[in-house]
$ cat structure.txt   # compact mmCIF, C-alpha atoms
# COMPACT_ATOMS: atom_id res chain seq x y z
CA MET S 1 128.72 107.32 -6.10
CA LYS S 2 131.55 104.89 -5.47
CA THR S 3 133.80 107.66 -4.17
CA GLU S 4 131.21 108.78 -1.64
CA SER S 5 130.52 105.35 -0.20
CA VAL S 6 134.25 104.71 0.16
CA ALA S 7 134.73 108.09 1.79
CA THR S 8 132.15 107.49 4.50
CA SER S 9 133.70 104.18 5.56
CA GLN S 10 137.18 105.63 5.86
CA GLU S 11 138.94 106.03 9.19
CA LEU S 12 140.29 109.52 9.76
CA PHE S 13 144.06 109.88 9.94
CA ILE S 14 144.18 113.68 9.79
CA SER S 15 141.48 116.30 9.29
CA THR S 16 141.44 118.96 6.57
CA GLU S 17 141.87 121.66 9.23
CA ALA S 18 144.92 119.99 10.78
CA MET S 19 146.40 119.39 7.34
CA LEU S 20 146.28 123.12 6.59
CA ALA S 21 148.13 123.85 9.84
CA HIS S 22 150.66 121.13 8.98
CA TRP S 23 151.31 122.59 5.51
CA GLN S 24 151.56 126.17 6.72
CA GLY S 25 153.95 125.00 9.44
CA HIS S 26 156.21 123.59 6.74
CA ARG S 27 155.84 126.77 4.68
CA ASN S 28 156.91 128.79 7.70
CA LEU S 29 160.05 126.66 8.01
CA THR S 30 160.78 127.08 4.30
CA ARG S 31 160.40 130.84 4.67
CA ARG S 32 163.02 130.87 7.42
CA THR S 33 165.29 128.75 5.24
CA ILE S 34 165.02 131.32 2.42
CA GLU S 35 165.87 134.09 4.88
CA LEU S 36 169.11 132.38 5.92
CA PHE S 37 170.55 132.36 2.40
CA PRO S 38 172.94 135.18 1.52
CA GLU S 39 171.32 137.23 -1.27
CA ASP S 40 173.70 136.10 -4.02
CA LYS S 41 173.87 132.43 -2.98
CA LEU S 42 170.09 132.20 -3.01
CA PHE S 43 170.11 132.80 -6.76
CA ASP S 44 173.38 131.28 -7.96
CA TYR S 45 174.68 128.65 -5.52
CA SER S 46 174.47 125.05 -6.66
CA ILE S 47 175.84 121.57 -5.91
CA GLY S 48 176.12 118.78 -8.48
CA GLY S 49 174.46 120.79 -11.23
CA MET S 50 171.24 121.19 -9.27
CA ARG S 51 169.10 124.33 -9.38
CA PRO S 52 169.82 127.24 -7.02
CA PHE S 53 167.50 127.39 -4.00
CA ALA S 54 165.54 130.38 -5.39
CA GLN S 55 164.47 128.25 -8.36
CA LEU S 56 163.41 125.41 -6.07
CA VAL S 57 161.38 127.91 -4.03
CA MET S 58 159.84 129.29 -7.20
CA GLU S 59 158.77 125.76 -8.12
CA MET S 60 157.03 125.45 -4.73
CA ILE S 61 155.22 128.74 -5.40
CA ASP S 62 154.26 127.79 -8.96
CA ILE S 63 152.73 124.57 -7.65
CA ALA S 64 151.03 125.92 -4.52
CA LEU S 65 149.31 128.98 -5.97
CA PRO S 66 147.43 127.43 -8.93
CA GLY S 67 147.38 124.10 -7.06
CA VAL S 68 145.27 125.25 -4.13
CA GLU S 69 142.84 126.91 -6.58
CA GLY S 70 142.64 123.69 -8.62
CA LEU S 71 141.92 121.67 -5.48
CA ALA S 72 139.13 124.08 -4.55
CA SER S 73 137.49 124.52 -7.95
CA GLY S 74 138.37 121.36 -9.89
CA LYS S 75 139.57 123.64 -12.67
CA TRP S 76 143.20 122.87 -13.33
CA GLU S 77 145.46 124.99 -15.47
CA LYS S 78 147.00 122.76 -18.09
CA VAL S 79 150.74 123.00 -17.67
CA GLU S 80 152.93 121.63 -20.43
CA GLU S 81 156.13 122.49 -18.63
CA PHE S 82 156.69 124.64 -15.60
CA ASP S 83 159.25 127.36 -16.21
CA HIS S 84 160.10 128.59 -12.75
CA THR S 85 162.57 131.21 -13.89
CA LYS S 86 160.13 133.34 -15.92
CA SER S 87 158.17 134.90 -13.08
CA MET S 88 160.90 134.63 -10.42
CA PRO S 89 161.60 137.80 -8.42
CA SER S 90 165.26 138.87 -8.65
CA THR S 91 165.74 139.68 -4.96
CA LYS S 92 165.30 137.80 -1.70
CA ALA S 93 162.86 140.46 -0.47
CA GLY S 94 160.79 140.02 -3.63
CA LEU S 95 160.77 136.25 -3.24
CA LEU S 96 159.69 136.50 0.40
CA GLU S 97 156.94 138.96 -0.52
CA LEU S 98 155.61 136.54 -3.11
CA TRP S 99 155.89 133.70 -0.57
CA ASP S 100 153.74 135.63 1.91
CA LYS S 101 151.15 136.37 -0.77
CA VAL S 102 150.82 132.63 -1.43
CA THR S 103 150.50 131.95 2.31
CA LYS S 104 147.52 134.29 2.40
CA VAL S 105 145.88 132.81 -0.71
CA ILE S 106 146.22 129.29 0.74
CA ASP S 107 144.55 130.35 4.00
CA GLU S 108 141.73 132.06 2.10
CA THR S 109 141.16 129.24 -0.40
CA TRP S 110 141.45 126.22 1.91
CA PRO S 111 137.96 126.48 3.50
CA ARG S 112 136.47 125.98 0.00
CA ILE S 113 138.12 122.55 -0.31
CA THR S 114 135.75 120.02 1.21
CA SER S 115 136.63 116.57 2.49
CA GLU S 116 134.77 115.13 -0.53
CA ARG S 117 136.94 117.18 -2.88
CA PHE S 118 140.08 115.72 -1.32
CA GLN S 119 138.82 112.16 -1.96
CA GLN S 120 138.06 112.81 -5.65
CA VAL S 121 140.42 111.66 -8.37
CA GLU S 122 141.40 114.39 -10.81
CA VAL S 123 144.09 115.19 -13.35
CA ALA S 124 146.08 117.92 -11.62
CA PHE S 125 147.60 120.53 -13.94
CA GLY S 126 146.18 118.56 -16.89
CA GLN S 127 148.65 115.72 -16.49
CA TYR S 128 148.97 114.20 -12.99
CA GLU S 129 146.06 111.87 -12.22
CA ASN S 130 145.61 111.17 -8.53
CA SER S 131 143.31 111.53 -5.54
CA ASN S 132 143.28 115.18 -4.57
CA TYR S 133 144.61 114.39 -1.07
CA ALA S 134 147.60 112.67 -2.73
CA THR S 135 148.10 115.68 -4.99
CA LEU S 136 148.19 118.00 -1.98
CA LEU S 137 150.57 115.66 -0.14
CA TYR S 138 152.76 115.76 -3.23
CA PHE S 139 152.93 119.57 -2.97
CA VAL S 140 154.03 119.34 0.67
CA ASP S 141 156.43 116.42 0.13
CA ASN S 142 158.03 118.19 -2.82
CA GLU S 143 158.58 121.25 -0.62
CA ILE S 144 160.16 119.17 2.18
CA HIS S 145 162.35 117.36 -0.39
CA HIS S 146 163.70 120.54 -1.99
CA ARG S 147 164.05 122.38 1.32
CA GLY S 148 166.17 119.45 2.56
CA GLN S 149 168.41 120.11 -0.43
CA GLY S 150 168.54 123.77 0.57
CA TYR S 151 169.78 122.62 3.99
CA VAL S 152 172.77 120.93 2.29
CA TYR S 153 173.51 124.12 0.35
CA LEU S 154 173.44 126.10 3.62
CA ARG S 155 175.64 123.57 5.47
CA SER S 156 178.17 123.55 2.66
CA LEU S 157 178.24 127.36 2.92
CA GLY S 158 178.95 127.07 6.65
CA ILE S 159 175.48 128.31 7.62
CA GLU S 160 173.39 126.44 10.20
CA PRO S 161 169.86 125.73 8.87
CA PRO S 162 166.75 126.22 11.05
CA PHE S 163 165.75 123.39 13.41
CA PHE S 164 163.67 120.97 11.35
CA TRP S 165 161.12 120.52 14.14
CA GLU S 166 160.34 124.21 14.56
CA ARG S 167 157.39 125.20 12.41
CA MET U 1 136.15 113.12 26.26
CA LYS U 2 137.17 116.31 24.56
CA THR U 3 139.39 114.45 22.12
CA GLU U 4 136.53 112.20 21.05
CA SER U 5 134.03 114.97 20.43
CA VAL U 6 136.58 116.89 18.39
CA ALA U 7 137.44 113.78 16.39
CA THR U 8 133.88 113.07 15.33
CA SER U 9 133.34 116.58 13.98
CA GLN U 10 136.53 116.52 11.92
CA GLU U 11 136.49 116.47 8.14
CA LEU U 12 138.60 113.69 6.67
CA PHE U 13 141.67 114.74 4.69
CA ILE U 14 143.26 111.29 4.38
CA SER U 15 142.32 107.92 5.84
CA THR U 16 144.57 105.73 7.98
CA GLU U 17 144.65 103.12 5.18
CA ALA U 18 145.72 105.67 2.55
CA MET U 19 148.32 107.10 4.93
CA LEU U 20 149.99 103.69 5.27
CA ALA U 21 150.19 103.40 1.48
CA HIS U 22 151.61 106.93 1.32
CA TRP U 23 154.29 106.16 3.90
CA GLN U 24 155.28 102.82 2.36
CA GLY U 25 155.45 104.54 -1.04
CA HIS U 26 158.00 106.95 0.40
CA ARG U 27 159.87 104.09 2.06
CA ASN U 28 160.05 102.33 -1.28
CA LEU U 29 161.61 105.44 -2.82
CA THR U 30 164.11 105.68 0.05
CA ARG U 31 165.04 102.03 -0.48
CA ARG U 32 165.83 102.70 -4.14
CA THR U 33 167.88 105.74 -3.09
CA ILE U 34 169.97 103.54 -0.75
CA GLU U 35 170.52 101.05 -3.59
CA LEU U 36 171.97 103.74 -5.85
CA PHE U 37 174.78 104.65 -3.44
CA PRO U 38 178.15 103.03 -4.08
CA GLU U 39 178.95 100.80 -1.09
CA ASP U 40 181.73 103.00 0.30
CA LYS U 41 179.99 106.35 -0.33
CA LEU U 42 176.90 105.16 1.52
CA PHE U 43 178.92 104.98 4.73
CA ASP U 44 181.52 107.71 4.39
CA TYR U 45 180.43 110.37 1.91
CA SER U 46 179.44 113.74 3.36
CA ILE U 47 178.89 117.39 2.39
CA GLY U 48 179.29 120.31 4.79
CA GLY U 49 180.01 118.10 7.79
CA MET U 50 176.65 116.33 7.55
CA ARG U 51 176.19 112.66 8.35
CA PRO U 52 176.74 110.01 5.65
CA PHE U 53 173.52 108.71 4.09
CA ALA U 54 173.73 105.35 5.93
CA GLN U 55 173.48 107.21 9.25
CA LEU U 56 170.49 109.21 8.03
CA VAL U 57 168.84 105.96 6.95
CA MET U 58 169.64 104.42 10.33
CA GLU U 59 167.88 107.37 11.98
CA MET U 60 164.77 106.66 9.88
CA ILE U 61 164.87 103.02 10.98
CA ASP U 62 165.45 103.88 14.65
CA ILE U 63 162.40 106.16 14.54
CA ALA U 64 160.07 103.97 12.47
CA LEU U 65 160.53 100.65 14.26
CA PRO U 66 159.85 101.66 17.89
CA GLY U 67 157.67 104.52 16.60
CA VAL U 68 155.03 102.40 14.93
CA GLU U 69 154.87 100.20 18.04
CA GLY U 70 154.46 103.30 20.24
CA LEU U 71 151.66 104.58 18.03
CA ALA U 72 149.88 101.23 18.30
CA SER U 73 150.36 100.55 22.01
CA GLY U 74 150.80 103.98 23.60
CA LYS U 75 153.92 102.58 25.24
CA TRP U 76 156.86 104.72 24.19
CA GLU U 77 160.46 103.83 24.78
CA LYS U 78 162.10 106.71 26.57
CA VAL U 79 164.96 107.86 24.40
CA GLU U 80 167.50 110.23 25.90
CA GLU U 81 169.52 110.43 22.75
CA PHE U 82 169.33 108.35 19.60
CA ASP U 83 172.67 106.84 18.68
CA HIS U 84 172.19 105.68 15.12
CA THR U 85 175.68 104.29 14.69
CA LYS U 86 175.50 101.63 17.42
CA SER U 87 173.17 99.17 15.70
CA MET U 88 174.00 100.17 12.12
CA PRO U 89 174.80 97.33 9.70
CA SER U 90 178.22 97.74 8.09
CA THR U 91 177.17 96.81 4.55
CA LYS U 92 174.57 98.07 2.07
CA ALA U 93 173.04 94.58 1.89
CA GLY U 94 172.72 94.53 5.67
CA LEU U 95 171.10 97.96 5.72
CA LEU U 96 168.60 96.96 3.01
CA GLU U 97 167.77 93.76 4.88
CA LEU U 98 167.02 95.75 8.02
CA TRP U 99 164.99 98.23 5.95
CA ASP U 100 162.82 95.39 4.60
CA LYS U 101 162.30 94.01 8.09
CA VAL U 102 160.96 97.40 9.21
CA THR U 103 158.67 97.54 6.15
CA LYS U 104 157.11 94.25 7.24
CA VAL U 105 156.73 95.32 10.88
CA ILE U 106 155.01 98.55 9.81
CA ASP U 107 152.52 96.64 7.64
CA GLU U 108 151.80 94.20 10.46
CA THR U 109 151.48 96.83 13.19
CA TRP U 110 149.49 99.49 11.32
CA PRO U 111 146.05 97.79 11.56
CA ARG U 112 146.33 98.04 15.38
CA ILE U 113 146.51 101.85 15.22
CA THR U 114 142.96 103.15 15.26
CA SER U 115 141.76 106.53 14.06
CA GLU U 116 141.16 107.45 17.73
CA ARG U 117 144.78 106.60 18.55
CA PHE U 118 145.99 108.98 15.86
CA GLN U 119 143.95 111.84 17.36
CA GLN U 120 145.34 111.33 20.88
CA VAL U 121 148.08 113.54 22.26
CA GLU U 122 151.05 111.63 23.68
CA VAL U 123 154.69 112.13 24.55
CA ALA U 124 156.48 110.19 21.83
CA PHE U 125 159.77 108.59 22.88
CA GLY U 126 159.29 110.15 26.31
CA GLN U 127 160.02 113.67 25.08
CA TYR U 128 158.04 114.83 22.02
CA GLU U 129 154.48 115.80 22.95
CA ASN U 130 152.11 115.93 20.00
CA SER U 131 149.00 114.45 18.44
CA ASN U 132 149.89 110.98 17.23
CA TYR U 133 149.00 111.87 13.64
CA ALA U 134 151.52 114.74 13.85
CA THR U 135 154.12 112.38 15.28
CA LEU U 136 153.63 109.96 12.38
CA LEU U 137 153.79 112.84 9.88
CA TYR U 138 157.04 113.86 11.54
CA PHE U 139 158.47 110.37 10.87
CA VAL U 140 157.54 110.65 7.18
CA ASP U 141 158.62 114.29 6.80
CA ASN U 142 161.96 113.55 8.44
CA GLU U 143 162.50 110.71 5.96
CA ILE U 144 161.67 112.95 2.97
CA HIS U 145 163.94 115.69 4.37
CA HIS U 146 166.97 113.42 4.80
CA ARG U 147 166.37 111.53 1.56
CA GLY U 148 166.38 114.89 -0.25
CA GLN U 149 169.82 115.42 1.26
CA GLY U 150 170.83 111.99 -0.05
CA TYR U 151 169.77 113.20 -3.50
CA VAL U 152 172.32 116.03 -3.27
CA TYR U 153 175.03 113.54 -2.22
CA LEU U 154 174.16 111.38 -5.26
CA ARG U 155 174.10 114.34 -7.67
CA SER U 156 177.44 115.59 -6.39
CA LEU U 157 178.80 112.08 -7.03
CA GLY U 158 177.50 112.26 -10.60
CA ILE U 159 174.73 109.71 -9.94
CA GLU U 160 171.14 110.41 -11.03
CA PRO U 161 168.69 109.88 -8.13
CA PRO U 162 165.37 108.05 -8.60
CA PHE U 163 162.40 110.05 -9.93
CA PHE U 164 160.81 111.70 -6.89
CA TRP U 165 157.27 110.90 -8.10
CA GLU U 166 157.85 107.14 -8.47
CA ARG U 167 156.88 105.35 -5.30
$ encode --input "structure.txt" --output "structure tokens"
Amino acid sequence: MKTESVATSQELFISTEAMLAHWQGHRNLTRRTIELFPEDKLFDYSIGGMRPFAQLVMEMIDIALPGVEGLASGKWEKVEEFDHTKSMPSTKAGLLELWDKVTKVIDETWPRITSERFQQVEVAFGQYENSNYATLLYFVDNEIHHRGQGYVYLRSLGIEPPFFWER
Amino acid sequence: MKTESVATSQELFISTEAMLAHWQGHRNLTRRTIELFPEDKLFDYSIGGMRPFAQLVMEMIDIALPGVEGLASGKWEKVEEFDHTKSMPSTKAGLLELWDKVTKVIDETWPRITSERFQQVEVAFGQYENSNYATLLYFVDNEIHHRGQGYVYLRSLGIEPPFFWER
């Protein structure tokens, strides 16, 4: 009851439709960042003890795929600890193929997530309590954050990353 | 006319009020990232020819301060090229002081930016044409992107960055 009355008095910053386009724009940029990595560096290059970019990408995938389903259905997989190495493809082509599969699932699932769903507070993945819009923003922010780290890996390898503003 | 009719049929993803809290949460995290840098490394440490973190922070400030005013008023400073070194404080304390000033200006200016303003298309800084909500998201995304790079600098210096989820 309370959630609904708050929701109706809220001033729109961005619509659900525009937010999907915004997220997929970022995912497109991340895809092009993956493509720029040399095959071996994608899986083994690291700075300061951080994870290789493939593992960061796998984290994005492991969040986005069950995450978008949780946002739509309210049924969240309980995750004790994400292990992003278990299901990780061993080649760049395999990683990109998985990435594209997730892109499709997001597009197909998104229309099921209503504005009301985004305003609800839930415990994402059985442990992160937040408004669903904040949970989705966390997915996107986490992707931007880790992709920015991928940019440093690329630069330190002498490779120019994609333009940040091209989506 | 068209903008208005589109706006009224849009489904809310996030409200203007919640978006301010989201942005200031990120800015709080960036502030704590600045604090963790040793004084000298903040201004001169670099990987792969990238800018030191102080210059990246100065870019965030140079975007946010005139940016929030542009979003409120529709009057955009025409910027040919941002030079983020010109007005940059030379100490960490000075940079943090400027950061806090911007935080205050954002809080004070935000209530003047209506939902309708965010849906309008404008040419930000005289050269970037976009919906104003997309322009604001660009400010935030750019901050997350560069802060993520600051995290790599910190890690490579053996310093643990702040938890990404603490805002």
$ atom_distance --input "structure.txt" --atom1 "atom CA of Leu71 of chain S" --atom2 "atom CA of Ile113 of chain S"
6.5 Å
$ residues_around --input "structure.txt" --residues "Thr135 of chain U" --least-positions-apart "4" --cutoff "10 Å" --atoms "all atoms listed in the file" --output "PDB file with C-alpha atoms, in the coordinates of the input"
ATOM      1  CA  GLY U  67     157.670 104.520  16.600  1.00  0.00           C
ATOM      2  CA  LEU U  71     151.660 104.580  18.030  1.00  0.00           C
ATOM      3  CA  PHE U 118     145.990 108.980  15.860  1.00  0.00           C
ATOM      4  CA  VAL U 121     148.080 113.540  22.260  1.00  0.00           C
ATOM      5  CA  GLU U 122     151.050 111.630  23.680  1.00  0.00           C
ATOM      6  CA  VAL U 123     154.690 112.130  24.550  1.00  0.00           C
ATOM      7  CA  ALA U 124     156.480 110.190  21.830  1.00  0.00           C
ATOM      8  CA  TYR U 128     158.040 114.830  22.020  1.00  0.00           C
ATOM      9  CA  GLU U 129     154.480 115.800  22.950  1.00  0.00           C
ATOM     10  CA  ASN U 130     152.110 115.930  20.000  1.00  0.00           C
ATOM     11  CA  SER U 131     149.000 114.450  18.440  1.00  0.00           C
ATOM     12  CA  PHE U 139     158.470 110.370  10.870  1.00  0.00           C
ATOM     13  CA  VAL U 140     157.540 110.650   7.180  1.00  0.00           C
ATOM     14  CA  ASP U 141     158.620 114.290   6.800  1.00  0.00           C
TER      15      ASP U 141
END
$ calpha_fit_and_write --input "structure.txt" --fixed "chain S" --moving "chain U" --output "compact mmCIF listing (two decimals) with C-alpha atoms, in the frame of the given file"
# COMPACT_ATOMS: atom_id res chain seq x y z
CA MET U 1 128.83 107.21 -6.17
CA LYS U 2 131.64 104.81 -5.48
CA THR U 3 133.87 107.60 -4.21
CA GLU U 4 131.26 108.71 -1.70
CA SER U 5 130.59 105.28 -0.24
CA VAL U 6 134.30 104.67 0.15
CA ALA U 7 134.78 108.05 1.80
CA THR U 8 132.17 107.48 4.48
CA SER U 9 133.69 104.18 5.57
CA GLN U 10 137.18 105.63 5.87
CA GLU U 11 138.92 106.03 9.21
CA LEU U 12 140.26 109.53 9.77
CA PHE U 13 144.04 109.90 9.95
CA ILE U 14 144.17 113.70 9.80
CA SER U 15 141.47 116.32 9.30
CA THR U 16 141.44 118.97 6.57
CA GLU U 17 141.85 121.68 9.24
CA ALA U 18 144.90 119.99 10.79
CA MET U 19 146.39 119.40 7.34
CA LEU U 20 146.29 123.14 6.58
CA ALA U 21 148.13 123.85 9.83
CA HIS U 22 150.66 121.14 8.96
CA TRP U 23 151.29 122.60 5.51
CA GLN U 24 151.56 126.20 6.71
CA GLY U 25 153.95 125.01 9.44
CA HIS U 26 156.20 123.60 6.74
CA ARG U 27 155.84 126.77 4.68
CA ASN U 28 156.91 128.79 7.69
CA LEU U 29 160.04 126.65 8.00
CA THR U 30 160.77 127.08 4.28
CA ARG U 31 160.40 130.85 4.66
CA ARG U 32 163.01 130.88 7.43
CA THR U 33 165.29 128.74 5.24
CA ILE U 34 165.03 131.32 2.42
CA GLU U 35 165.88 134.10 4.89
CA LEU U 36 169.11 132.38 5.92
CA PHE U 37 170.55 132.35 2.39
CA PRO U 38 172.94 135.17 1.51
CA GLU U 39 171.33 137.23 -1.27
CA ASP U 40 173.72 136.10 -4.01
CA LYS U 41 173.88 132.42 -2.96
CA LEU U 42 170.09 132.18 -3.01
CA PHE U 43 170.12 132.78 -6.76
CA ASP U 44 173.37 131.27 -7.95
CA TYR U 45 174.67 128.65 -5.53
CA SER U 46 174.45 125.03 -6.66
CA ILE U 47 175.83 121.55 -5.90
CA GLY U 48 176.10 118.77 -8.48
CA GLY U 49 174.44 120.78 -11.23
CA MET U 50 171.21 121.19 -9.26
CA ARG U 51 169.09 124.32 -9.38
CA PRO U 52 169.82 127.24 -7.02
CA PHE U 53 167.50 127.39 -4.00
CA ALA U 54 165.55 130.39 -5.39
CA GLN U 55 164.47 128.25 -8.36
CA LEU U 56 163.41 125.41 -6.07
CA VAL U 57 161.39 127.90 -4.03
CA MET U 58 159.85 129.29 -7.22
CA GLU U 59 158.77 125.75 -8.12
CA MET U 60 157.01 125.45 -4.74
CA ILE U 61 155.22 128.74 -5.39
CA ASP U 62 154.26 127.80 -8.96
CA ILE U 63 152.73 124.57 -7.65
CA ALA U 64 151.03 125.93 -4.52
CA LEU U 65 149.32 128.98 -5.98
CA PRO U 66 147.43 127.44 -8.93
CA GLY U 67 147.37 124.12 -7.05
CA VAL U 68 145.26 125.25 -4.14
CA GLU U 69 142.84 126.92 -6.57
CA GLY U 70 142.63 123.69 -8.60
CA LEU U 71 141.92 121.68 -5.47
CA ALA U 72 139.12 124.08 -4.54
CA SER U 73 137.50 124.52 -7.95
CA GLY U 74 138.38 121.36 -9.88
CA LYS U 75 139.57 123.66 -12.66
CA TRP U 76 143.21 122.88 -13.34
CA GLU U 77 145.47 124.99 -15.47
CA LYS U 78 147.01 122.77 -18.09
CA VAL U 79 150.75 122.98 -17.66
CA GLU U 80 152.95 121.60 -20.40
CA GLU U 81 156.13 122.48 -18.62
CA PHE U 82 156.69 124.63 -15.57
CA ASP U 83 159.23 127.36 -16.20
CA HIS U 84 160.09 128.61 -12.74
CA THR U 85 162.57 131.23 -13.88
CA LYS U 86 160.14 133.35 -15.92
CA SER U 87 158.17 134.92 -13.07
CA MET U 88 160.90 134.66 -10.43
CA PRO U 89 161.63 137.82 -8.41
CA SER U 90 165.27 138.87 -8.66
CA THR U 91 165.76 139.69 -4.97
CA LYS U 92 165.33 137.80 -1.69
CA ALA U 93 162.89 140.47 -0.47
CA GLY U 94 160.83 140.02 -3.63
CA LEU U 95 160.79 136.25 -3.24
CA LEU U 96 159.70 136.51 0.41
CA GLU U 97 156.96 138.97 -0.52
CA LEU U 98 155.62 136.54 -3.11
CA TRP U 99 155.90 133.70 -0.58
CA ASP U 100 153.75 135.64 1.91
CA LYS U 101 151.17 136.38 -0.77
CA VAL U 102 150.84 132.64 -1.44
CA THR U 103 150.51 131.96 2.31
CA LYS U 104 147.52 134.31 2.41
CA VAL U 105 145.89 132.82 -0.70
CA ILE U 106 146.23 129.30 0.73
CA ASP U 107 144.56 130.35 4.00
CA GLU U 108 141.74 132.06 2.11
CA THR U 109 141.17 129.24 -0.39
CA TRP U 110 141.46 126.23 1.93
CA PRO U 111 137.97 126.49 3.51
CA ARG U 112 136.48 125.99 0.01
CA ILE U 113 138.12 122.56 -0.31
CA THR U 114 135.75 120.03 1.21
CA SER U 115 136.62 116.58 2.50
CA GLU U 116 134.75 115.15 -0.52
CA ARG U 117 136.93 117.20 -2.87
CA PHE U 118 140.06 115.72 -1.32
CA GLN U 119 138.79 112.17 -1.94
CA GLN U 120 138.04 112.82 -5.63
CA VAL U 121 140.40 111.66 -8.35
CA GLU U 122 141.39 114.39 -10.81
CA VAL U 123 144.07 115.20 -13.35
CA ALA U 124 146.06 117.93 -11.62
CA PHE U 125 147.60 120.53 -13.94
CA GLY U 126 146.17 118.57 -16.87
CA GLN U 127 148.65 115.71 -16.48
CA TYR U 128 148.95 114.21 -12.98
CA GLU U 129 146.03 111.89 -12.21
CA ASN U 130 145.58 111.18 -8.51
CA SER U 131 143.28 111.54 -5.53
CA ASN U 132 143.27 115.19 -4.56
CA TYR U 133 144.59 114.40 -1.08
CA ALA U 134 147.57 112.67 -2.73
CA THR U 135 148.09 115.67 -4.98
CA LEU U 136 148.17 118.01 -1.98
CA LEU U 137 150.55 115.66 -0.15
CA TYR U 138 152.74 115.76 -3.24
CA PHE U 139 152.90 119.58 -2.98
CA VAL U 140 154.01 119.34 0.66
CA ASP U 141 156.41 116.42 0.13
CA ASN U 142 158.02 118.19 -2.82
CA GLU U 143 158.57 121.26 -0.62
CA ILE U 144 160.15 119.17 2.17
CA HIS U 145 162.33 117.35 -0.40
CA HIS U 146 163.69 120.54 -1.99
CA ARG U 147 164.04 122.38 1.32
CA GLY U 148 166.16 119.46 2.57
CA GLN U 149 168.39 120.10 -0.43
CA GLY U 150 168.54 123.77 0.57
CA TYR U 151 169.77 122.60 3.98
CA VAL U 152 172.75 120.92 2.29
CA TYR U 153 173.49 124.12 0.33
CA LEU U 154 173.43 126.09 3.62
CA ARG U 155 175.63 123.57 5.47
CA SER U 156 178.15 123.54 2.65
CA LEU U 157 178.23 127.35 2.91
CA GLY U 158 178.95 127.05 6.63
CA ILE U 159 175.47 128.30 7.61
CA GLU U 160 173.38 126.43 10.19
CA PRO U 161 169.86 125.72 8.87
CA PRO U 162 166.75 126.22 11.03
CA PHE U 163 165.75 123.39 13.40
CA PHE U 164 163.66 120.98 11.33
CA TRP U 165 161.11 120.52 14.14
CA GLU U 166 160.35 124.24 14.56
CA ARG U 167 157.40 125.22 12.42
$ interface_residues --input "structure.txt" --of "chain S" --to "chain U" --cutoff "8 Å" --atoms "only C-alpha atoms" --output "PDB file with C-alpha atoms, keeping the file's coordinate frame"
ATOM      1  CA  GLN S  10     137.180 105.630   5.860  1.00  0.00           C
ATOM      2  CA  GLU S  11     138.940 106.030   9.190  1.00  0.00           C
ATOM      3  CA  LEU S  12     140.290 109.520   9.760  1.00  0.00           C
ATOM      4  CA  PHE S  13     144.060 109.880   9.940  1.00  0.00           C
ATOM      5  CA  ILE S  14     144.180 113.680   9.790  1.00  0.00           C
ATOM      6  CA  SER S  15     141.480 116.300   9.290  1.00  0.00           C
ATOM      7  CA  THR S  16     141.440 118.960   6.570  1.00  0.00           C
ATOM      8  CA  GLU S  17     141.870 121.660   9.230  1.00  0.00           C
ATOM      9  CA  MET S  19     146.400 119.390   7.340  1.00  0.00           C
ATOM     10  CA  ILE S  47     175.840 121.570  -5.910  1.00  0.00           C
ATOM     11  CA  GLY S  48     176.120 118.780  -8.480  1.00  0.00           C
ATOM     12  CA  GLY S  49     174.460 120.790 -11.230  1.00  0.00           C
ATOM     13  CA  MET S  50     171.240 121.190  -9.270  1.00  0.00           C
ATOM     14  CA  THR S 114     135.750 120.020   1.210  1.00  0.00           C
ATOM     15  CA  SER S 115     136.630 116.570   2.490  1.00  0.00           C
ATOM     16  CA  PHE S 118     140.080 115.720  -1.320  1.00  0.00           C
ATOM     17  CA  GLN S 119     138.820 112.160  -1.960  1.00  0.00           C
ATOM     18  CA  TYR S 133     144.610 114.390  -1.070  1.00  0.00           C
ATOM     19  CA  ASP S 141     156.430 116.420   0.130  1.00  0.00           C
ATOM     20  CA  ILE S 144     160.160 119.170   2.180  1.00  0.00           C
ATOM     21  CA  HIS S 145     162.350 117.360  -0.390  1.00  0.00           C
ATOM     22  CA  HIS S 146     163.700 120.540  -1.990  1.00  0.00           C
ATOM     23  CA  ARG S 147     164.050 122.380   1.320  1.00  0.00           C
ATOM     24  CA  GLY S 148     166.170 119.450   2.560  1.00  0.00           C
ATOM     25  CA  GLN S 149     168.410 120.110  -0.430  1.00  0.00           C
ATOM     26  CA  TYR S 151     169.780 122.620   3.990  1.00  0.00           C
ATOM     27  CA  VAL S 152     172.770 120.930   2.290  1.00  0.00           C
ATOM     28  CA  ARG S 155     175.640 123.570   5.470  1.00  0.00           C
ATOM     29  CA  SER S 156     178.170 123.550   2.660  1.00  0.00           C
ATOM     30  CA  LEU S 157     178.240 127.360   2.920  1.00  0.00           C
ATOM     31  CA  GLY S 158     178.950 127.070   6.650  1.00  0.00           C
TER      32      GLY S 158
END
$ residues_around --input "structure.txt" --residues "segment 55-59 of chain U" --least-positions-apart "4" --cutoff "7 Å" --atoms "only C-alpha atoms" --output "list in words"
Arg51, Ile63, His84, Thr85, Met88 and His146 of chain U
$ residues_around --input "structure.txt" --residues "Glu97 of chain U" --least-positions-apart "5" --cutoff "12 Å" --atoms "all atoms listed in the file" --output "JSON, numbers by chain"
{"U": [31, 34, 35, 61, 88, 89, 90, 91, 92, 102, 103, 104]}
$ closest_residue --input "structure.txt" --among "S:Glu77, S:Glu69, S:Asp40, S:Asp62" --to "Val105 of chain S" --atoms "only C-alpha atoms"
S:Glu69
